[in-house]
Every structure is written in structure tokens, then in C-alpha cells.
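For reference, the structure is listed below as C-alpha cells.
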Amino acid sequence: MNDVKTKAIEAFKAHFNAEPTMLSYAPGRVNIIGEHTDYNDGFVMPCAIKFGTAIAARKNGTDKMRVFAADVNGDTDEFTVTVDMDKHPDKLWSNYLRGVTMLIAKKGYKFEGLDLAICGNVPLGAGLSSSASLEVSFGNLISCAFGLNIDLQDIALIGQAAEAFIGCKCGIMDQTISACGKKDCALLIDCRSLEKTQVHIPEELEILIVNSNVKHQLVGGEYNERREQCENAAKVLGVKALRDATMDMLNAKKAELDDVTYRRARHVITEDDRTLAAVDAFTKGDLKRLAELMYASHCSMRDDFEITVPEIDGLVEIIREAIGENAAVRMTGGGFGGSVVAVLKPEKVEAVKAAIDAKYEAISGRKATIIETHAFDGATFIAL
């Protein structure tokens, strides 16, 4: 049992003075390629990581969820299982739970109250989907605790809807990989059909996540603004979503689009192409091609989608220089801070760490946090 699961169990015992009877867990994720394509019905390729959210629980025989958040200064909250659009103004973390509870109840499922202790070790604000991890872990807990048998993909959809309840109209990628991740594989997710294809990550490659420690916040207006710009472009092009567009179609309508909207659409259309090409590169173990695709993705996020920040751009260049040839690196996540992901051979890891330690603080005024990971399984539930 990993450390965060043990911490959740111990936190439950200490707070509720009782033994938990069940444990739910869901991981965070890193997206290898395919950024801001999910809400455009496109393609993404994330994998689940070694960090996640654990919830120790037991039924309490009431209609209330009584929640202890060990990682949020020991904060607590309490709400009924029939909560209806009842957001707590001062508790962002528990509003995710309120949203999940409300949405499961609205689907007609019957369940009762739980006592919960939550522990997570996904770095907050790092672009690694701490909120999706929380939503999926909690939704799967309710499903399993009360025998609701909600499919994991449906749990993911409930988590996505909970984000909208909070105020972020995100795509389905984060919750899907948290729920359905597979060990040693990235998942190519078709965000329209929700078809998932396992993409084996070669054993000789490491995944390195570098948290810039510039925290991002997707509930802010920039994320929703990008989504609206993409939707506007799709309308001009006469397609349901930008997933259906091609560069020829976009260029034919360029005169009808302002420059910003054109560039937003160009990012999404080319990013879908890069993501599908990356599947082939992984399958063939072609690190040179993967490096080309990942850096092109970063440049597109920087120049066309305008979601990187100087610290992230600098971090990418530090890592590229340290790896040298075949540097597969890019920003990952929603943007405006967060993390960088690199796919590299193990013998390059120490050189990258040394370069970051030597150079990043000088350009950013802060230190980076380096995480070595592999691809892990998605959501799990066990009776204790």
C-alpha cells in the first residue's frame, strides 16, 4: 500500500476515532501530447502517474457526507447527499465533492452518507490533475460503497461535469485517464467517441515531470476564453468541432477570422495531427520523431494558443539543451504555469536534473520540483 493510502487510513482513525472500512484511490495524470484538443472532440495521449488521491471511508448511517481533508490544513466540511447546486463559497476543494454528489444523485442513484478522510499527493497547481484525481476517487467510492456499479468512464463524465459545476468547462481527458489508466501504457483517447487505445511506453524510456512551481488555476477566465475562441472558429468553418477541420479548411476561411481565432484553431488542428503521429512514434520506439512532435506542440502552445509563461518556456529550453539530440519535451497541462514533461532515456535523467538545478532558479526566482514516474493504473477500490 503506497504512502498516501496509509496516510488516509491513519487520518481517518485520528479524526473519526474509528476504523475505516473502505479505501478509494485515483491517480493524477501527465499528458504526453494533445493539449486543449479534448474539448474540441479531438485526440489526447496521457498516462496516469504515481501520485493521486486516497479516500478512507465508512458508512455513517446518516444522509450527510462528513469530510476531513488532511492536506488542506485539516479542513472539514459537511453536506447532504441530496445537495443541489449548493456551492460553499470558501471551500473550493469540497465543492468538487459537492458537484460529484449532486450529479450522482441527479442520475437517480440512491446512496447514503459517508465519513471520509482525504489525502492526496498530486502537487497542487502543477497541471497534473489533482482535481480530477479527487473527483474520480470520490465518485468511484460512492459507486462501490453502495453497489451502484457505475462504469468508470461514467465516473469520469460525472467528474468532468463537476468541474463545470465549479466553473471550469474542461474536456474529458483528465478524468478519463484517472479512471481508466493502464500500467506501462499511455492511452490514446478519442474525446468524441471516448474510444481508448493502449499505447505501450517502451521500457527503455523514462517519463520526467518538472513542476515549474508557477501555479496555474483553470477556474480563471483564460481557459474558458480559449474554449470559446475554438467554438467560434468551428462555427465559421461550419464543423461541429475543430476535430473535424483541416488546415486547408482553415486557410480557406482565414479572411473571415481574426488573427487570434485563426491561431487558436491552427493549434488545435495541428495538435490533433501531432498526437496521432506520436502514437506511431511510440509504437516504433522512434524517439527522434517523438521529440520533433513534442517540441512542435510546445511551440504551438507558446505561439498560437498562448498558454505558456516565460518560466515554462525557459524550463523547456534548459531541458532540451541538457538532453541534446532527440529531446522530447514540452509544457503539459492547461497552461499559465504548471509543469513540463520529458520522455527520455534513463542515462539522460541526471544531466537534466543538474541543468535544472544550475539554471532554472536564475531565470525564474524559484526552484523546480522534479518527478520521475512511469505509467500507472487508474482508479481502484478496496474493502478494508
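Every chain in the C-alpha cells has a letter given in the order shown (A, B, ...), and although residue numbers restart at 1 in each chain, ligands are simply numbered from 1 in the order shown.
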Can you tell me which residues surround A:Arg320 at a distance of at most 8 Å, considering only C-alpha atoms, apart from same-chain residues fewer than 5 positions away, and format the answer as a JSON list (two decimals) with N, CA, C and O atoms, in the first residue's frame?
[["chain", "number", "residue", "atom", "x", "y", "z"],
["A", 327, "ALA", "N", 15.47, 15.46, -28.00],
["A", 327, "ALA", "CA", 14.89, 15.99, -26.76],
["A", 327, "ALA", "C", 13.38, 16.09, -26.89],
["A", 327, "ALA", "O", 12.85, 17.03, -27.48],
["A", 328, "ALA", "N", 12.68, 15.10, -26.34],
["A", 328, "ALA", "CA", 11.21, 15.07, -26.39],
["A", 328, "ALA", "C", 10.68, 15.76, -25.14],
["A", 328, "ALA", "O", 10.57, 15.15, -24.07],
["A", 329, "VAL", "N", 10.34, 17.04, -25.27],
["A", 329, "VAL", "CA", 9.95, 17.83, -24.10],
["A", 329, "VAL", "C", 8.95, 18.89, -24.51],
["A", 329, "VAL", "O", 9.02, 19.43, -25.62]]
A:Ala278 environment, 9 Å, only C-alpha atoms, sequence neighbours closer than 5 positions dropped, as a PyMOL selection string: chain A and resi 33+45+273+283+289-290+293-294
Skip A:Val279 itself and residues of its chain fewer than 6 positions away, then list as a PyMOL selection string all residues within 10 Å of it, counting only C-alpha atoms. chain A and resi 33+45+186-188+197-201+285+290
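One finds atom CA of A:Cys119 at 5.7 Å from atom CA of A:Ala70.
Excluding A:Arg330 and any residue on its chain fewer than 4 positions from it, the residues at most 10 Å away by only C-alpha atoms are Asn31, Ile32, Ile33, Ala291, Leu293, Met294, Tyr295, Ala296, Ser297, His298, Cys299, Met301, Ile312, Asp313, Leu315, Val316, Glu317, Ile319, Arg320, Ser339, Val340, Val341, Ala342 and Val343 of chain A.
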The selected residues should be written to file as a compact mmCIF listing (two decimals), in the first residue's frame (atoms: N, CA and C atoms).
# COMPACT_ATOMS: atom_id res chain seq x y z
N ASN A 31 -0.04 14.59 -19.35
CA ASN A 31 -0.41 14.46 -20.75
C ASN A 31 0.86 14.54 -21.59
N ILE A 32 1.14 13.47 -22.30
CA ILE A 32 2.37 13.42 -23.10
C ILE A 32 2.24 14.31 -24.33
N ILE A 33 1.07 14.29 -24.96
CA ILE A 33 0.82 15.19 -26.09
C ILE A 33 -0.68 15.23 -26.36
N ALA A 291 10.41 13.45 -30.39
CA ALA A 291 10.99 14.72 -29.97
C ALA A 291 10.53 15.86 -30.88
N LEU A 293 7.78 16.04 -32.59
CA LEU A 293 6.35 16.28 -32.37
C LEU A 293 6.10 17.01 -31.06
N MET A 294 6.80 16.60 -30.00
CA MET A 294 6.57 17.23 -28.69
C MET A 294 7.05 18.67 -28.67
N TYR A 295 8.19 18.95 -29.28
CA TYR A 295 8.65 20.34 -29.28
C TYR A 295 7.79 21.20 -30.19
N ALA A 296 7.32 20.64 -31.30
CA ALA A 296 6.38 21.40 -32.15
C ALA A 296 5.10 21.70 -31.39
N SER A 297 4.67 20.77 -30.56
CA SER A 297 3.49 21.00 -29.72
C SER A 297 3.73 22.16 -28.76
N HIS A 298 4.93 22.17 -28.16
CA HIS A 298 5.23 23.26 -27.23
C HIS A 298 5.24 24.61 -27.93
N CYS A 299 5.86 24.66 -29.07
CA CYS A 299 5.93 25.93 -29.81
C CYS A 299 4.54 26.40 -30.21
N MET A 301 1.75 25.75 -28.56
CA MET A 301 1.10 26.26 -27.34
C MET A 301 1.63 27.64 -26.97
N ILE A 312 8.07 28.56 -17.91
CA ILE A 312 7.88 27.28 -18.59
C ILE A 312 8.72 27.22 -19.86
N ASP A 313 8.70 28.28 -20.64
CA ASP A 313 9.49 28.30 -21.87
C ASP A 313 10.98 28.13 -21.56
N LEU A 315 12.28 26.67 -18.94
CA LEU A 315 12.49 25.31 -18.45
C LEU A 315 12.59 24.32 -19.60
N VAL A 316 11.73 24.47 -20.59
CA VAL A 316 11.78 23.60 -21.76
C VAL A 316 13.13 23.72 -22.46
N GLU A 317 13.63 24.93 -22.61
CA GLU A 317 14.91 25.11 -23.31
C GLU A 317 16.08 24.56 -22.49
N ILE A 319 15.95 21.98 -20.51
CA ILE A 319 15.87 20.52 -20.65
C ILE A 319 16.32 20.08 -22.04
N ARG A 320 15.91 20.80 -23.06
CA ARG A 320 16.32 20.46 -24.43
C ARG A 320 17.84 20.48 -24.56
N SER A 339 3.54 22.43 -15.32
CA SER A 339 4.68 21.53 -15.47
C SER A 339 5.12 21.33 -16.92
N VAL A 340 6.30 20.75 -17.02
CA VAL A 340 6.88 20.32 -18.29
C VAL A 340 7.03 18.80 -18.23
N VAL A 341 6.82 18.13 -19.35
CA VAL A 341 7.02 16.69 -19.41
C VAL A 341 8.11 16.38 -20.43
N ALA A 342 8.96 15.43 -20.07
CA ALA A 342 10.00 14.97 -20.99
C ALA A 342 9.97 13.44 -21.06
N VAL A 343 10.15 12.92 -22.25
CA VAL A 343 10.31 11.47 -22.45
C VAL A 343 11.76 11.27 -22.88
From the DSSP assignment of the backbone, select every residue of stretch 113-277 of chain A that is alpha helix (DSSP H), and format the answer as a PyMOL selection string. chain A and resi 130-145+152-166+173-180+221-237+247-252+259-277
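Of the listed residues A:Arg366, A:Lys196, A:His88, A:Lys59, the one whose atoms come nearest to A:Ala179 is A:Lys196, with distances taken using only C-alpha atoms.
Using only C-alpha atoms, the shortest contact distance between A:Glu372 and any of A:Met102, A:Ala255, A:Leu194, A:Val349 is found at A:Val349.
Excluding A:Gly314 and any residue on its chain fewer than 4 positions from it, the residues at most 12 Å away by only C-alpha atoms are Ser212, His298, Arg302, Thr308, Val309, Pro310, Ile318, Ile319, Arg320, Glu321, Val329, Arg330, Met331, Gly337, Ser339, Val340, Ala355, Ile356, Lys359, Tyr360, Glu361, Ala362, Ile363, Ser364 and Ala368 of chain A.
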Check stretch 103-261 of chain A with DSSP on the backbone and list each residue it calls strand (DSSP E or B), as a PyMOL selection string. chain A and resi 114-120+185-190+196-200+206-214
Considering only C-alpha atoms, can you say which of A:Ala358, A:Met173, A:Met65, A:Gly28 comes closest to A:Gly125? A:Gly28
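Those residues that approach stretch 152-161 of chain A to within 7 Å, counting only C-alpha atoms, are Val100, Leu103, Ala132, Glu135, Val136, Gly139, Asn140, Cys170, Gly171, Ile172, Gln175, Thr176, Ala179 and Cys180 of chain A; same-chain residues fewer than 6 positions away are not listed.
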Residues from the last selection, N, CA and C atoms, saved as a CSV table (one decimal), in the first residue's frame:
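Result saved to part-v1.csv:
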chain,number,residue,atom,x,y,z
A,100,VAL,N,-19.9,16.3,-7.5
A,100,VAL,CA,-20.0,14.8,-7.8
A,100,VAL,C,-21.2,14.2,-7.1
A,103,LEU,N,-24.4,15.3,-8.8
A,103,LEU,CA,-24.6,14.7,-10.2
A,103,LEU,C,-25.0,13.3,-10.1
A,132,ALA,N,-9.2,16.2,-10.9
A,132,ALA,CA,-9.7,15.0,-11.5
A,132,ALA,C,-9.5,13.8,-10.6
A,135,GLU,N,-12.1,14.0,-7.8
A,135,GLU,CA,-13.4,13.7,-8.3
A,135,GLU,C,-13.6,12.2,-8.6
A,136,VAL,N,-12.6,11.6,-9.3
A,136,VAL,CA,-12.8,10.2,-9.7
A,136,VAL,C,-12.7,9.3,-8.4
A,139,GLY,N,-16.1,9.8,-6.7
A,139,GLY,CA,-17.2,9.2,-7.4
A,139,GLY,C,-17.2,7.7,-7.4
A,140,ASN,N,-16.0,7.1,-7.5
A,140,ASN,CA,-15.9,5.6,-7.5
A,140,ASN,C,-16.1,5.1,-6.1
A,170,CYS,N,-14.0,22.1,-18.6
A,170,CYS,CA,-12.9,21.4,-19.1
A,170,CYS,C,-13.3,20.2,-20.0
A,171,GLY,N,-12.3,19.6,-20.7
A,171,GLY,CA,-12.6,18.4,-21.5
A,171,GLY,C,-12.6,17.2,-20.6
A,172,ILE,N,-12.7,16.0,-21.3
A,172,ILE,CA,-12.9,14.8,-20.6
A,172,ILE,C,-11.5,14.0,-20.3
A,175,GLN,N,-10.2,13.3,-16.3
A,175,GLN,CA,-11.0,12.3,-15.5
A,175,GLN,C,-10.9,10.9,-16.2
A,176,THR,N,-10.9,10.8,-17.5
A,176,THR,CA,-10.8,9.5,-18.2
A,176,THR,C,-9.5,8.8,-17.8
A,179,ALA,N,-9.5,7.6,-14.2
A,179,ALA,CA,-10.4,6.5,-14.0
A,179,ALA,C,-9.9,5.2,-14.7
A,180,CYS,N,-9.4,5.3,-15.9
A,180,CYS,CA,-9.1,4.2,-16.8
A,180,CYS,C,-7.7,3.9,-17.2
Extract, using only C-alpha atoms, all DNA, RNA and protein residues at most 10 Å from A:Pro123, discarding same-chain residues fewer than 2 positions from it, and format them as a count of residues only. 16
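The space separating atom CA of A:Asp41 from atom CA of A:Ala265 comes to 12.9 Å.
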Using only C-alpha atoms for the distances, tell me which of A:Asn2, A:Asn251, A:Ser24, A:Asn149 is nearest to A:Leu116. A:Ser24
Which residue, A:Ile323, A:Ile9, A:Leu257, A:Ala375, has the smallest gap to A:Pro46 when you use only C-alpha atoms? A:Ala375
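As for atom CA of A:Ser143 and atom CA of A:Pro89, they are spaced 26.9 Å apart.
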